[in-house]
Structures are given as C-alpha cells and as structure tokens.
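Undergrad: Have a look at this one.
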2 protein chains.
Amino acid sequence: MPDAELLRLDHQVCFSLHAASRAFGGVYRDALKDLGLTYPQYLVMLVLWEHGPQPVKTIGERLRLDSGTLSPLLKRLETAGLVRRERSSEDERSVTVQLTPAGDELRARALPVPRRMLAATGLTIEELRTLQGLLGRVTSALDEA
Amino acid sequence: MPDAELLRLDHQVCFSLHAASRAFGGVYRDALKDLGLTYPQYLVMLVLWEHGPQPVKTIGERLRLDSGTLSPLLKRLETAGLVRRERSSEDERSVTVQLTPAGDELRARALPVPRRMLAATGLTIEELRTLQGLLGRVTSALDEA
DNA sequence: GGCCATTTAATTGCGCACAACTTAGTTGCG
DNA sequence: CGCAACTAAGTTGTGCGCAATTAAATGGCC
C-alpha cells in the first residue's frame, strides 16, 4: 500500500479514536453532571468503589495516570468532600485515599449511569465486549512500542 | 444484568477507551517529536494537506473541534511557520488557513508516520478498518445522544 | 552508622478540550 | 433603511495529560 493512501487511512483511524474518545467524554459529562463529577474523576471513584482504600500509586497503576494528574484531581475530590487522603503510618511516602461517607453514598446515585451510557452507544453488550477486547489489544501493543 | 455488574463493565469499557486514546497519543507523540508537532496539530496538518486552504470553521467541522481549541493551536502552527492565517475578503468574519511552503514540505517527512503507527498497533489493516467502523458507529450514536 | 539509589507524592509548565462569553461582521425581515 | 438574529473567531477560565523537576522517606550496602 502506498504511503499516501496509508496517510489517509491513518487520518481516518487516529481521527476515529480521537473523536470517539471525545464523544464518550461528552456523553459522560452530561450523565455525570448531576453527580458533580468529571469523567476522569468518575474513573477514580469507580476504582475506589470497587477496590476500597488504596494509595495514590495504586490508583495510578489501575488507570495509567501519574501523580501530576492525580494529585490535583484528588485534591478536588477531597474539597468536594468525597474522599479523604492521609499519609500512611508504615510508609510516610505513601498517601492512602479512602472514601468519605458522602463518597460512599454517591455510588448508589452512580449505578444508573452505565445503563444510560450503554444505551447511548447503540451497541449490544456483546459488541461492547468486542470493542473492549480490540482496544485492549491495541493498548497493550502500543504500550510496548 | 444487575446495575452493579454493569457498573463494573462500564469501568472496563470507558477505561479501555480512555486508555487506548492515551496510548495512541503517547506513540504519536514519539513519532511526531521529530516533526515538532503534537497529535492534535498533526490532525490539523493532515486536514490541510488533504483538502488545501480552508476556513477555521471547516477545519473545526472536520475534526469536531471548536474555536476555543483551534484558535490557540493555529496560532502556534503559525508561530512555527507552518501555516498562514488571513481574513477572507468576501466574508470578513472568516479566517482562511493555508500552508506555508514549510508546512507543505513537512508532508514528505510525515509520510512514514502512519506505517510506524500501523506497526505499533499490532493490528492488520483489516482489523484497523473494523475498529474504525465500530468507533464510527459509536461516535455517531453518542453524538445524537 | 553513613551514604546512595530508589520510591512516592507533589509541583511546575505547556498544550488540549470545552463551556461561557465577547467582538465583529453578515443576513433577513418589517 | 434599520434593527434584530445569527454567524465566525477569539478570549477566559477550569480541568485533564504528561514531561520534568523537587522533596521526603525508605532500603540496601559497605
């Protein structure tokens, strides 16, 4: 395949992913507005709801985000009264993040969000899993490169 | 399917997309470093290489970006000497963006980028097209919601 | 015990995304 | 014609993503 045609395909693929990511972001923005959460903040809350108290480091590994992104984000969640941060006593370098009662209660209000999102995508659960599988493969491959 | 399980699936799907988008961004960052372009700047250049001089509005429609994003981005491309912006004479509201000779010459150096990206994804061209198709469907559906 | 590499967070700086608003130019309608 | 509605860019403010740097704590090793 000639370079020029590849350049056009590249245009389409990278644009598709970029656009899809932003389209998702937009719909999540609407769905999460009532909860007062942004999309990345929602990701952090999902991790805390699912895995409980954990250090910043662990959250970063699960979401592939570094402290430059997480530190201010967590500070905003703390200001909103959803999480509490405290230095670990065993390892003074580590900061453990845990939900406040308000943060825990927010989970109930977040439960309907995924169903709304699922409907908005227009895909079946099967197709969603396929998409997720493809994206996972791509991400692993890209992470190695 | 119960809400709680959907919440977990949602975690996985939205995270997958978010992660894939950022993984792509990272690899593009490396591939484009030599050209002095960021990933969104590359998208704008692709549009200009393919479609020639056009108003900011048109670029925004093609990439689904608004003036709040494009204005400073185009200003940086202009500072870098890659594009020129000038008010249209027929419609003084409109600003036409066109490539400078340097911007045009950059195209040759960008030609090998897609092949590198294709290799980095580890997918065949067929799979890429499938992914693109799925993402396109999702994006249209989400845009309507 | 003292030194050094490593680890964990936080901070700084830059660019992108988007909402809300502003400014200037155009169009349409009475 | 004149004025309201609309349109194209730009500006401002907030938050995310990431590279680079800093600060503090830990662990290993002599």
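As shown in the structure tokens, the chain order sets the letters A, B, ...; within each chain, residues go from 1, and ligands are also counted from 1 in the order they appear.
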Can you write out as a Markdown table which residues of chain C fall within 9 Å of chain B, alongside each residue's closest atom pair and its distance in Å to one decimal, counting only C-alpha atoms (C1' of nucleotides) and ordering rows by chain and ascending residue number?
TA:
| residue | atom | partner | partner_atom | distance |
| --- | --- | --- | --- | --- |
| C:DG15 | C1' | B:Thr38 | CA | 8.4 |
| C:DC16 | C1' | B:Thr69 | CA | 6.9 |
| C:DA17 | C1' | B:Thr69 | CA | 6.7 |
| C:DC18 | C1' | B:Gly68 | CA | 7.6 |
| C:DA24 | C1' | B:Arg93 | CA | 7.1 |
| C:DG25 | C1' | B:Arg93 | CA | 5.4 |
| C:DT26 | C1' | B:Asp91 | CA | 7.9 |
Undergrad: If we count only C-alpha atoms (C1' of nucleotides), what is near DG30 (chain C) at a cut-off of 12 Å, once residues fewer than 2 positions away on the same chain are taken out, given as an mmCIF file with C-alpha atoms (C1' of nucleotides), in the first residue's frame?
TA:
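Output file result.cif follows:
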data_model
loop_
_atom_site.group_PDB
_atom_site.id
_atom_site.type_symbol
_atom_site.label_atom_id
_atom_site.label_comp_id
_atom_site.auth_asym_id
_atom_site.auth_seq_id
_atom_site.Cartn_x
_atom_site.Cartn_y
_atom_site.Cartn_z
ATOM 1 C "C1'" DG C 28 -33.074 38.862 6.848
ATOM 2 C "C1'" DC D 1 -33.285 51.622 5.792
ATOM 3 C "C1'" DG D 2 -32.729 49.957 10.435
ATOM 4 C "C1'" DC D 3 -32.586 46.656 13.696
ATOM 5 C "C1'" DA D 4 -32.747 42.031 15.461
#
Undergrad: For a quick test of understanding: name the residues of chain D lying within 8 Å of chain B when counting only C-alpha atoms (C1' of nucleotides), and present them as a PyMOL selection string.
TA: chain D and resi 8-10
Undergrad: Of the candidates A:Glu78, A:Asp104, A:Asp34, A:Glu50, which one gets nearest to chain B if we count only C-alpha atoms?
TA: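 Distance minimum relative to chain B lands on A:Glu50.
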Undergrad: Show me which bits of chain A are within 6 Å of chain B, counting only C-alpha atoms, as a VMD selection string.
TA: chain A and resid 3 7 10 13 20 23 111 114 120 to 122 132 135 138 to 139 141 to 142 145
Undergrad: Just asking: which residues within region 7-109 of chain A are helix (DSSP H, G or I) according to DSSP, as number ranges by chain?
TA: A: 7-33, 39-51, 56-63, 67-79, 101-109
Undergrad: Run DSSP on the backbone of this structure and report the residues of region 20-111 of chain B it assigns to strand (DSSP E or B), as a PyMOL selection string.
TA: chain B and resi 54-55+83-87+95-99
Undergrad: Please provide as a list of chain:residue names all residues within 10 Å of DT12 (chain D), with the sequence filter that same-chain residues fewer than 3 positions apart are discarded (counting only C-alpha atoms (C1' of nucleotides)).
TA: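 With the cut-off at 10 Å, the set is B:Gly68, C:DA20, C:DC21, C:DT22.
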Undergrad: Can you pull out every residue within 12 Å of DC4 (chain C), counting only C-alpha atoms (C1' of nucleotides), but drop anything in the same chain fewer than 6 positions away, and send it as a VMD selection string?
TA: chain D and resid 26 to 30
Undergrad: Tell me, as a list of chain:residue names, which residues lie within 7 Å of Arg84 (chain B), counting only C-alpha atoms (C1' of nucleotides); anything in the same chain fewer than 6 positions away does not count.
TA: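 My reading of the contact set: B:Glu78, B:Val97, B:Gln98, B:Leu99, B:Thr100.
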Undergrad: Which residues are close to DT12 (chain C), i.e. within 12 Å by only C-alpha atoms (C1' of nucleotides), leaving aside same-chain residues fewer than 3 positions away? Reply as a PyMOL selection string.
TA: (chain A and resi 68) or (chain D and resi 18-22)
Undergrad: Hey, what's within 10 Å of DT27 (chain C) if we count only C-alpha atoms (C1' of nucleotides) and toss same-chain stuff fewer than 5 positions away? As a list in words, please?
TA: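 Result of the neighbour search: DA5, DC6 and DT7 of chain D.
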